[in-house]
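Colleague: Take this structure, written in structure tokens, and hold onto it; I'll ask about it next.
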Amino acid sequence: MNQAPSPISDLDSHLAQRLREVLRQRQLTPLFQPIIDMQSGAIIGYEGLIRGPSDSPLHSPLNLFKVARACGLSVEVEHLCRRMTLERFAELQLPGKLFLNVSPECLVQAERRHGETLGYIHEVGINPDRVIIELTESHPTYDYDLLREAVRHYRAMGFVIAIDDLGEGFSSLRLWSEIRPEYVKIDMHFVQGINQDPIKLQFVRSIQEIAEKSGTVVIAEGIETDAELLMIRDLGVSCGQGYKIARPHANPDTRLTNDLFAQLRQNGVSIYPHETRRSHEVATAAKLLRHVPAVTPEVQNNRIYEMFKNDPSLQIIPVVSNGVPVGLITRHNLIDRFARPYLRELHGRKSCTLFMDANPLIADKNTPLHSLSQLIVDGDRHHLFNGVIITDQGQYAGMGNAHDLMREITQMQINAARYANPLTMLPGNVPIDEHIDRLLENQTPFCVCYVDLDQFKPYNDVYGYRRGDDMIRLTGKILGAHSDPERDFVGHIGGDDFIVLFQSEDWNSRCQAILTAFSEAVPAFYSEEHRRKGGYVSEDRRGRRVFHSLATISLGLLKVQPGTYGSHHQIAAAAADAKRQAKKIPGNSLFIERRGMPFASEPEAMEEQDAQPRQGRR
């Protein structure tokens, strides 16, 4: 019995019919999106894009080519898109190059018409060296020999090659290696939010490094925000494209807006995102692994005694049966027992399992050190002295001791704090130094604000380190709240010392706001009695009773002009001196170090004096 066609079949039939109508009547609209030089702001060319009829499901290029593939019309649709884009580009007399989308599968068609695109170009009067064949990968490409031959043929005709959506396609990195394009376009996924994602930042930096070594020009797609624009510029990426620069348009502008041009030309560096946890450097129990000879359960106690006697450094002997650890024998336990009268005579010929710890701590070599530390803390106390048996897929591999574990964890914490302070999760010393070096290299004027708390140690002694940690966290939040996240860098040196690297021109008012915010927030950290008295009495290091006022904040500020300092070491020393001067000023204070700086004019100096009552100068 014949069945009525399904609604889906009706829809497919309608779309196929509509597609053929689009082809016959050339119902496509070319759009053009500018691609700019990120350093000069000049438009180097345009990507040609296509849209179907606005009143049709085929308006979206995704739907247009999906239906074309289903109908076996991909080549026809793509050639019409190319022809109409070339015609419109010539008609508008747009400057620069035209990036023309071509799919690799169309490029390597057995019945490919290599000369057809060149024929279109000659018809409309465009030089082939102005046209860039942009390979857009929508399906996996496997015949690289055929693709290389097609690319060679296009290059022989004068075309230049680009790869689109690097990082998104099925084999885009392999494609880059195989055809060595003149341009690569980084997929927008890795560009959008790059100012907040250290992994995306690293991906783009790596691509840029490869491109520089291979002589390839990188284009970053999908730039949509001010922060993304400046980050891409600062990374040295040659070219950019995206809604922040200009949207695709049927009649695009031929120059940037004044505002966008000014943004690209502004001095300064972007704020790199930092990693709060360096998860890719997780250390495991394998780092503690030491080879310690094991014995089998059949070995007698007398043999174990001789092993300890002959090697004074030997403290632990693992007992292993068929490669699987079953226990530990400690020097202290065996020697102590055999020192008692007659015990050696009674038990010397018996199995060594008699005096072993049958419940040792066992961990696989891939166990993270932090997890291993927790196992020791949660377990019996003797595990701290006995150490841990380390296995590889259940088989005995060696031993690890608590001393090595503590050393490794301490070093991990020190290293982590250099990148991100564990208390505030703000960038630590390494990112601080790196950011200062970037500012110096870029010859950007900036201000270094060294921040330190006064009367913090006695507060910590009286109220406890947990309350002290809360005050440090509060300080970090205040500094972040009064800094521009896209221009100002806030770092945590350690303890109650912070640093702010201001690129904001209004750094003065931001410093004053920090002083005000801290003075308003800090009384809540004290008891009502101490607030009423304005402080408290406690013993100093010499046992004398001393009155301590409520904690205050000191800001030592150093103005850095291009050429005045050569390294972050010099800046750190000068900023520390400015901080020491600030701490000499009673209360919440701001000290500006002016030595070696250009002198402010007299009216400017008077204006600053009126605006900054809590400030010292030198």
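We name chains A, B, ... following the order of the structure tokens; residues begin at 1 in each chain, and ligands are numbered from 1 as shown.
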Residues within 8 Å of Val388 of chain A, please, as a CSV table (one decimal) with N, CA and C atoms, in the first residue's frame. Count only C-alpha atoms; anything in the same chain fewer than 5 positions from it doesn't count.

Modeller:
```csv
chain,number,residue,atom,x,y,z
A,360,PRO,N,50.3,-1.9,56.1
A,360,PRO,CA,51.1,-0.7,55.7
A,360,PRO,C,50.3,0.3,54.8
A,361,LEU,N,50.8,1.5,54.7
A,361,LEU,CA,50.1,2.4,53.8
A,361,LEU,C,50.6,2.2,52.4
A,362,ILE,N,49.7,1.9,51.5
A,362,ILE,CA,50.1,1.6,50.1
A,362,ILE,C,49.4,2.6,49.2
A,363,ALA,N,50.1,3.1,48.2
A,363,ALA,CA,49.6,4.1,47.2
A,363,ALA,C,50.1,3.8,45.9
A,383,HIS,N,52.4,5.5,60.4
A,383,HIS,CA,52.6,5.7,58.9
A,383,HIS,C,53.5,6.8,58.6
A,399,MET,N,59.6,2.6,47.7
A,399,MET,CA,59.1,3.2,48.9
A,399,MET,C,59.2,4.7,48.8
A,400,GLY,N,58.3,5.4,49.6
A,400,GLY,CA,58.4,6.8,49.7
A,400,GLY,C,58.4,7.2,51.2
A,401,ASN,N,59.1,8.2,51.6
A,401,ASN,CA,59.1,8.6,53.0
A,401,ASN,C,58.4,9.9,53.3
A,402,ALA,N,58.1,10.2,54.5
A,402,ALA,CA,57.3,11.4,54.9
A,402,ALA,C,58.2,12.6,54.7
```

Colleague: For Glu221 of chain A, which of A:Glu298, A:Glu178, A:Glu47, A:Asp378 is the closest residue, counting only C-alpha atoms?

Modeller: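 Of A:Glu298, A:Glu178, A:Glu47, A:Asp378, the one nearest Glu221 of chain A, counting only C-alpha atoms, is A:Glu47.
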
Colleague: Show me, as a list in words, the residues that have an atom within 9 Å of Gly268 of chain A when counting only C-alpha atoms, minus same-chain residues fewer than 2 positions from it.

Modeller: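 My reading of the contact set: Asp234, Gln266, Ser270, Leu439, Asn442, Gln443, Thr444, Pro445, Phe446, Arg487 and Gln503 of chain A.
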
Colleague: Keeping only N, CA, C and O atoms, take the residues you just selected and write them out as a PDB file, in the first residue's frame.

Modeller:
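Output saved as part.pdb:
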```pdb
ATOM      1  N   ASP A 234      48.490  42.941  21.688  1.00  0.00           N
ATOM      2  CA  ASP A 234      49.677  42.810  22.526  1.00  0.00           C
ATOM      3  C   ASP A 234      50.413  41.498  22.297  1.00  0.00           C
ATOM      4  O   ASP A 234      51.617  41.408  22.523  1.00  0.00           O
ATOM      5  N   GLN A 266      46.418  53.383  21.260  1.00  0.00           N
ATOM      6  CA  GLN A 266      46.681  53.800  22.638  1.00  0.00           C
ATOM      7  C   GLN A 266      47.850  53.013  23.226  1.00  0.00           C
ATOM      8  O   GLN A 266      48.042  51.836  22.948  1.00  0.00           O
ATOM      9  N   SER A 270      47.815  44.964  27.749  1.00  0.00           N
ATOM     10  CA  SER A 270      46.629  44.313  28.309  1.00  0.00           C
ATOM     11  C   SER A 270      47.015  43.477  29.527  1.00  0.00           C
ATOM     12  O   SER A 270      48.180  43.143  29.738  1.00  0.00           O
ATOM     13  N   LEU A 439      55.459  45.972  30.514  1.00  0.00           N
ATOM     14  CA  LEU A 439      55.255  47.420  30.522  1.00  0.00           C
ATOM     15  C   LEU A 439      56.528  48.156  30.123  1.00  0.00           C
ATOM     16  O   LEU A 439      56.489  49.103  29.327  1.00  0.00           O
ATOM     17  N   ASN A 442      57.316  47.681  26.413  1.00  0.00           N
ATOM     18  CA  ASN A 442      56.397  48.451  25.572  1.00  0.00           C
ATOM     19  C   ASN A 442      56.573  49.956  25.733  1.00  0.00           C
ATOM     20  O   ASN A 442      55.915  50.741  25.063  1.00  0.00           O
ATOM     21  N   GLN A 443      57.459  50.358  26.676  1.00  0.00           N
ATOM     22  CA  GLN A 443      57.699  51.768  26.980  1.00  0.00           C
ATOM     23  C   GLN A 443      56.405  52.487  27.361  1.00  0.00           C
ATOM     24  O   GLN A 443      56.101  53.579  26.893  1.00  0.00           O
ATOM     25  N   THR A 444      55.659  51.833  28.232  1.00  0.00           N
ATOM     26  CA  THR A 444      54.387  52.369  28.700  1.00  0.00           C
ATOM     27  C   THR A 444      54.578  53.111  30.013  1.00  0.00           C
ATOM     28  O   THR A 444      55.138  52.554  30.961  1.00  0.00           O
ATOM     29  N   PRO A 445      54.128  54.347  30.133  1.00  0.00           N
ATOM     30  CA  PRO A 445      54.134  55.005  31.443  1.00  0.00           C
ATOM     31  C   PRO A 445      53.154  54.299  32.378  1.00  0.00           C
ATOM     32  O   PRO A 445      52.039  53.945  31.963  1.00  0.00           O
ATOM     33  N   PHE A 446      53.559  54.073  33.611  1.00  0.00           N
ATOM     34  CA  PHE A 446      52.662  53.419  34.561  1.00  0.00           C
ATOM     35  C   PHE A 446      53.071  53.802  35.972  1.00  0.00           C
ATOM     36  O   PHE A 446      54.133  54.406  36.185  1.00  0.00           O
ATOM     37  N   ARG A 487      43.014  47.400  32.663  1.00  0.00           N
ATOM     38  CA  ARG A 487      44.205  48.249  32.542  1.00  0.00           C
ATOM     39  C   ARG A 487      45.154  48.123  33.722  1.00  0.00           C
ATOM     40  O   ARG A 487      46.352  48.366  33.577  1.00  0.00           O
ATOM     41  N   GLN A 503      47.812  51.497  34.980  1.00  0.00           N
ATOM     42  CA  GLN A 503      47.887  52.193  33.703  1.00  0.00           C
ATOM     43  C   GLN A 503      46.795  53.265  33.626  1.00  0.00           C
ATOM     44  O   GLN A 503      46.835  54.120  32.741  1.00  0.00           O
TER      45      GLN A 503
END
```

Colleague: Considering only C-alpha atoms, return as a PyMOL selection string whatever protein or nucleic-acid residues lie within 9 Å of Ala285 of chain A, sequence-local ones (same chain, fewer than 5 positions apart) excluded.

Modeller: chain A and resi 363-369+372+390+400+405

Colleague: Would you mind exporting the chosen residues as a PDB file, in the first residue's frame, restricted to N, CA and C atoms?

Modeller:
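Once written, selection-v5.pdb looks like this:
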```
ATOM      1  N   ALA A 363      50.127   3.125  48.205  1.00  0.00           N
ATOM      2  CA  ALA A 363      49.558   4.083  47.248  1.00  0.00           C
ATOM      3  C   ALA A 363      50.128   3.824  45.866  1.00  0.00           C
ATOM      4  N   ASP A 364      49.286   4.003  44.856  1.00  0.00           N
ATOM      5  CA  ASP A 364      49.757   3.875  43.481  1.00  0.00           C
ATOM      6  C   ASP A 364      50.660   5.048  43.133  1.00  0.00           C
ATOM      7  N   LYS A 365      51.571   4.847  42.214  1.00  0.00           N
ATOM      8  CA  LYS A 365      52.537   5.890  41.862  1.00  0.00           C
ATOM      9  C   LYS A 365      51.873   7.131  41.269  1.00  0.00           C
ATOM     10  N   ASN A 366      50.639   6.995  40.759  1.00  0.00           N
ATOM     11  CA  ASN A 366      49.924   8.131  40.174  1.00  0.00           C
ATOM     12  C   ASN A 366      49.086   8.904  41.187  1.00  0.00           C
ATOM     13  N   THR A 367      49.154   8.536  42.458  1.00  0.00           N
ATOM     14  CA  THR A 367      48.400   9.252  43.498  1.00  0.00           C
ATOM     15  C   THR A 367      48.967  10.659  43.667  1.00  0.00           C
ATOM     16  N   PRO A 368      48.133  11.714  43.560  1.00  0.00           N
ATOM     17  CA  PRO A 368      48.643  13.079  43.770  1.00  0.00           C
ATOM     18  C   PRO A 368      49.223  13.232  45.167  1.00  0.00           C
ATOM     19  N   LEU A 369      50.268  14.029  45.288  1.00  0.00           N
ATOM     20  CA  LEU A 369      50.934  14.182  46.584  1.00  0.00           C
ATOM     21  C   LEU A 369      50.007  14.752  47.647  1.00  0.00           C
ATOM     22  N   LEU A 372      48.010  11.920  48.917  1.00  0.00           N
ATOM     23  CA  LEU A 372      48.852  11.046  49.733  1.00  0.00           C
ATOM     24  C   LEU A 372      49.080  11.655  51.111  1.00  0.00           C
ATOM     25  N   ILE A 390      54.928   2.228  47.465  1.00  0.00           N
ATOM     26  CA  ILE A 390      54.431   2.754  46.193  1.00  0.00           C
ATOM     27  C   ILE A 390      54.349   1.611  45.185  1.00  0.00           C
ATOM     28  N   GLY A 400      58.349   5.403  49.576  1.00  0.00           N
ATOM     29  CA  GLY A 400      58.403   6.849  49.724  1.00  0.00           C
ATOM     30  C   GLY A 400      58.356   7.192  51.201  1.00  0.00           C
ATOM     31  N   LEU A 405      58.067  13.661  51.202  1.00  0.00           N
ATOM     32  CA  LEU A 405      56.718  14.143  50.913  1.00  0.00           C
ATOM     33  C   LEU A 405      56.539  15.584  51.383  1.00  0.00           C
TER      34      LEU A 405
END
```

Colleague: Quick one: residues within 12 Å of Val451 of chain A, only C-alpha atoms counted, chain neighbours fewer than 3 positions away excluded, as number ranges by chain?

Modeller: A: 448, 454, 472, 475-476, 478-479, 490-501, 511, 514-515, 518, 552-558, 575-583, 588-591

Colleague: When DSSP works through the backbone of this structure, what residues of segment 329-530 of chain A end up as strand (DSSP E or B), shown as a PyMOL selection string?

Modeller: chain A and resi 329-330+351+357+362-364+368+388-392+395-400+420+427+446-454+489-494+497-502

Colleague: Measuring between only C-alpha atoms, which one of A:Thr85, A:Ser351, A:Ser238, A:Gln411 shows the shortest distance to Ile126 of chain A?

Modeller: A:Thr85

Colleague: Which of these, A:Ala521, A:Leu92, A:Asn301, A:Asp12, has the shortest distance to Thr254 of chain A once you count only C-alpha atoms?

Modeller: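 Smallest distance to Thr254 of chain A is found for A:Leu92.
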
Colleague: Neighbours of segment 288-296 of chain A within 6 Å (only C-alpha atoms; same-chain residues fewer than 5 positions away dropped), as a list in words?

Modeller: Ile317, Pro318, Val319, Val320, Ser321, Gly398, Met399 and Gly400 of chain A

Colleague: Measure the distance from atom CA of Gly48 of chain A to atom CA of Phe65 of chain A in Å and round it to one decimal.

Modeller: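 It comes out at 15.5 Å.
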
Colleague: Name the residues in contact with Pro57 of chain A at a cut-off of 12 Å, using only C-alpha atoms, excluding same-chain residues fewer than 3 positions from it; report them as a PyMOL selection string.

Modeller: chain A and resi 11-12+14-16+18-19+22+51-54+60-67

Colleague: Pick from A:Asp164, A:Asp452, A:Glu91, A:Asp197: nearest to Met471 of chain A, with only C-alpha atoms counted?

Modeller: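 Result for the nearest residue to Met471 of chain A: A:Asp452.
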
Colleague: Given the choices A:Ala42, A:Ile585, A:Leu230, A:Ala250, which gets closest to Pro30 of chain A if the distance is worked out from only C-alpha atoms?

Modeller: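 Of the candidates, the smallest distance to Pro30 of chain A is held by A:Ala250.
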